[in-house]
Amino acid sequence: MKVLVAAPLHEKAIQVLKDAGLEVIYEEYPDEERLIELARDVEAIIVRSKPKVTRRVIENAPKLKVIARAGVGLDNIDVEAAKERGIEVVNAPGASSRSVAELAIGLIFAVARKIAFADRKMREGEWVKKQAMGFELEGKTIGIVGFGRIGYQVAKIAKALGMNILLYDPYPNEERAREVGGKFVDLETLLKESDIVTLHVPLLDSTYHLINEERLKLMKKNAILINASRGAVVDTNALVKALQEGWIAGAGLDVFEEEPLPKDHPLTKLDNVVLTPHIGASTYEAQERAGVEVAEKIVKILKG
């Protein structure tokens with residue numbers, strides 16, 4: 001039986017597949033036509049946030065039994081088409097939680113203390129001590145939108161930093177909230193009262209442009225927005241306007257509506273925003289956990 005690994009995968013995960021007697025075919029990020037060609041003869045496909053496993057790919061893969069995402073989100077897989085064919089779709093929902101949470105906290109520090117701005121200016125030969133005035137996190141209120149695995153990890157770190165924690169989630173877990181000293185409120189209250197708003201929700205119809213012009217205007221003028229979930233959770237045009245016109249103080253973004261972010265995008269021109277190229281799950285630990293977890297799930301499905 002053959003497994004197509006269509007994205008970089010941790011060597012321990014490859015070993016799990018090989019030890020189970022599966023033949024591994026590796027090709028990094030093939031385009032749709034190439035993926036269709038490669039998928040014709042395989043029982044399993046492993047991807048990360050790319051390539052896209054479209055309906056066309058699925059319909060042209062007669063032997064396919066399982067599609068695995070070495071990570072969390074399934075938005076690059078046509079889950080409906082897979083379901084129609086009885087193909088299992090698996091992922092590693094908890095593998096990158098801590099890594100994404102730590103990046104979100106890193107972005108908070110970078111924006112609050114203007115670290116990226118100061119670094120940029122130092123390299124340009126400018127000593128911007130006065131312009132790099134920031135603020136402490138202790139005693140500030142963090143609003144966590146989405147209190148699942150990642151939101152919970154963010155809350156644990158925020159608690160250790162001495163922050164007040166507001167939470168918004170359609171399915172509130174009161175026990176976990178008590179554990180981190182967090183309080184559930186409605187989204188409007190969270191936006192109005194938080195010094196930092198950090199987003200940890202999946203991309204669904206209900207979360208598309210969840211943070212829009214109207215909601216950005218509810219935030220404090222000295223607040224910062226962090227997005228390490230999915231780009232389309234935020235209306236980019238509204239955010240650019242908010243940052244340019246000072247409705248909010250700054251933003252830290254790891255995800256974008258268009259990825260890669262175009263070279264001359266308005267966000268790249270702003271000093272009050274810190275940008276990273278969707279690296280939330282890009283740690284050795286997260287990639288090892290995600291790879292091994294999906295490899296084991298594939299072995300179980302194919303080998304029983």
# chains A, B, ... in the order shown; residues from 1 in each chain; ligands from 1
>>> closest_atom_pairs(of="range 39-114 of chain A", to="range 154-176 of chain A", cutoff="8 Å", atoms="only C-alpha atoms", output="CSV")
residue,atom,partner,partner_atom,distance
A:Ala101,CA,A:Val154,CA,5.0
A:Glu102,CA,A:Val154,CA,7.2
A:Ala104,CA,A:Val154,CA,7.5
A:Ile105,CA,A:Val154,CA,7.1
>>> residues_around(residues="Asn272 in chain A", least_positions_apart="6", cutoff="10 Å", atoms="only C-alpha atoms", output="MDAnalysis selection string")
chainID A and resid 111:112 114 116:117 224 243:244 246 248:252
>>> residues_around(residues="Ile279 in chain A", least_positions_apart="3", cutoff="10 Å", atoms="only C-alpha atoms", output="NGL selection string")
:A and (99-100 or 103 or 228 or 254-255 or 276 or 282-283)
>>> write_last_selection(atoms="N, CA, C and O atoms", output="mmCIF file, in the first residue's frame")
data_model
loop_
_atom_site.group_PDB
_atom_site.id
_atom_site.type_symbol
_atom_site.label_atom_id
_atom_site.label_comp_id
_atom_site.auth_asym_id
_atom_site.auth_seq_id
_atom_site.Cartn_x
_atom_site.Cartn_y
_atom_site.Cartn_z
ATOM 1 N N SER A 99 2.490 25.506 20.485
ATOM 2 C CA SER A 99 3.319 26.306 19.583
ATOM 3 C C SER A 99 2.581 27.553 19.104
ATOM 4 O O SER A 99 3.136 28.659 19.102
ATOM 5 N N VAL A 100 1.320 27.383 18.709
ATOM 6 C CA VAL A 100 0.533 28.529 18.231
ATOM 7 C C VAL A 100 0.307 29.515 19.379
ATOM 8 O O VAL A 100 0.427 30.733 19.205
ATOM 9 N N LEU A 103 3.416 31.509 19.996
ATOM 10 C CA LEU A 103 3.618 32.537 18.964
ATOM 11 C C LEU A 103 2.688 33.728 19.209
ATOM 12 O O LEU A 103 3.104 34.881 19.090
ATOM 13 N N ALA A 228 -3.721 34.604 15.029
ATOM 14 C CA ALA A 228 -2.930 33.418 14.685
ATOM 15 C C ALA A 228 -3.881 32.261 14.381
ATOM 16 O O ALA A 228 -3.550 31.109 14.591
ATOM 17 N N ASP A 254 -0.220 36.459 12.036
ATOM 18 C CA ASP A 254 0.512 35.312 11.498
ATOM 19 C C ASP A 254 -0.213 34.725 10.285
ATOM 20 O O ASP A 254 0.337 33.876 9.597
ATOM 21 N N VAL A 255 -1.449 35.184 10.063
ATOM 22 C CA VAL A 255 -2.282 34.616 8.992
ATOM 23 C C VAL A 255 -2.943 35.736 8.206
ATOM 24 O O VAL A 255 -3.193 36.823 8.740
ATOM 25 N N THR A 276 4.147 37.781 10.537
ATOM 26 C CA THR A 276 4.932 36.537 10.400
ATOM 27 C C THR A 276 4.232 35.644 9.374
ATOM 28 O O THR A 276 3.005 35.701 9.229
ATOM 29 N N SER A 282 5.014 26.113 13.270
ATOM 30 C CA SER A 282 6.366 25.809 12.783
ATOM 31 C C SER A 282 7.384 25.701 13.911
ATOM 32 O O SER A 282 8.270 26.533 14.065
ATOM 33 N N THR A 283 7.220 24.644 14.706
ATOM 34 C CA THR A 283 8.246 24.315 15.699
ATOM 35 C C THR A 283 8.583 22.838 15.512
ATOM 36 O O THR A 283 7.749 22.067 15.021
#
>>> residues_around(residues="Ala13 in chain A", least_positions_apart="5", cutoff="7 Å", atoms="only C-alpha atoms", output="compact mmCIF listing (two decimals) with all heavy atoms, in the first residue's frame")
# COMPACT_ATOMS: atom_id res chain seq x y z
N GLY A 291 3.06 15.01 12.82
CA GLY A 291 3.45 13.97 11.85
C GLY A 291 3.25 12.57 12.39
O GLY A 291 2.62 11.72 11.73
N VAL A 292 3.74 12.34 13.59
CA VAL A 292 3.63 11.00 14.19
C VAL A 292 2.16 10.64 14.43
O VAL A 292 1.73 9.52 14.16
CB VAL A 292 4.46 10.91 15.50
CG1 VAL A 292 4.16 9.62 16.26
CG2 VAL A 292 5.96 11.00 15.18
N ALA A 295 0.48 9.82 11.10
CA ALA A 295 1.06 8.56 10.56
C ALA A 295 0.47 7.37 11.29
O ALA A 295 0.10 6.37 10.67
CB ALA A 295 2.59 8.59 10.72
>>> closest_residue(among="A:Glu259, A:Glu179, A:Asp271, A:Glu136", to="Ile196 in chain A", atoms="only C-alpha atoms")
A:Glu136
>>> closest_residue(among="A:Glu11, A:Glu296, A:Asp78, A:Glu257", to="Tyr26 in chain A", atoms="only C-alpha atoms")
A:Glu11
>>> select_by_dssp(residues="range 33-250 of chain A", states="alpha helix (DSSP H)", output="PyMOL selection string")
chain A and resi 33-39+55-59+79-84+97-112+115-123+149-160+174-180+187-193+213-216+236-245
>>> residues_around(residues="Gly71 in chain A", least_positions_apart="2", cutoff="12 Å", atoms="only C-alpha atoms", output="MDAnalysis selection string")
chainID A and resid 7:9 46:50 68:69 73:76 90:97 99:100 280:283 286:295
>>> residues_around(residues="Ile58 in chain A", least_positions_apart="5", cutoff="12 Å", atoms="only C-alpha atoms", output="PyMOL selection string")
chain A and resi 32+35-45+52-53+63-67+77-89
>>> atom_distance(atom1="CA of Ile226 in chain A", atom2="CA of Lys130 in chain A")
24.3 Å
>>> select_by_dssp(residues="range 102-165 of chain A", states="strand (DSSP E)", output="VMD selection string")
chain A and resid 141 to 145 164 to 165
>>> write_last_selection(atoms="C-alpha atoms", output="compact mmCIF listing (two decimals), in the first residue's frame")
# COMPACT_ATOMS: atom_id res chain seq x y z
CA THR A 141 -6.92 42.57 30.13
CA ILE A 142 -6.55 39.98 27.41
CA GLY A 143 -9.67 38.97 25.47
CA ILE A 144 -9.40 35.46 24.05
CA VAL A 145 -11.85 34.80 21.21
CA ASN A 164 -6.96 39.65 33.56
CA ILE A 165 -8.66 37.18 31.23
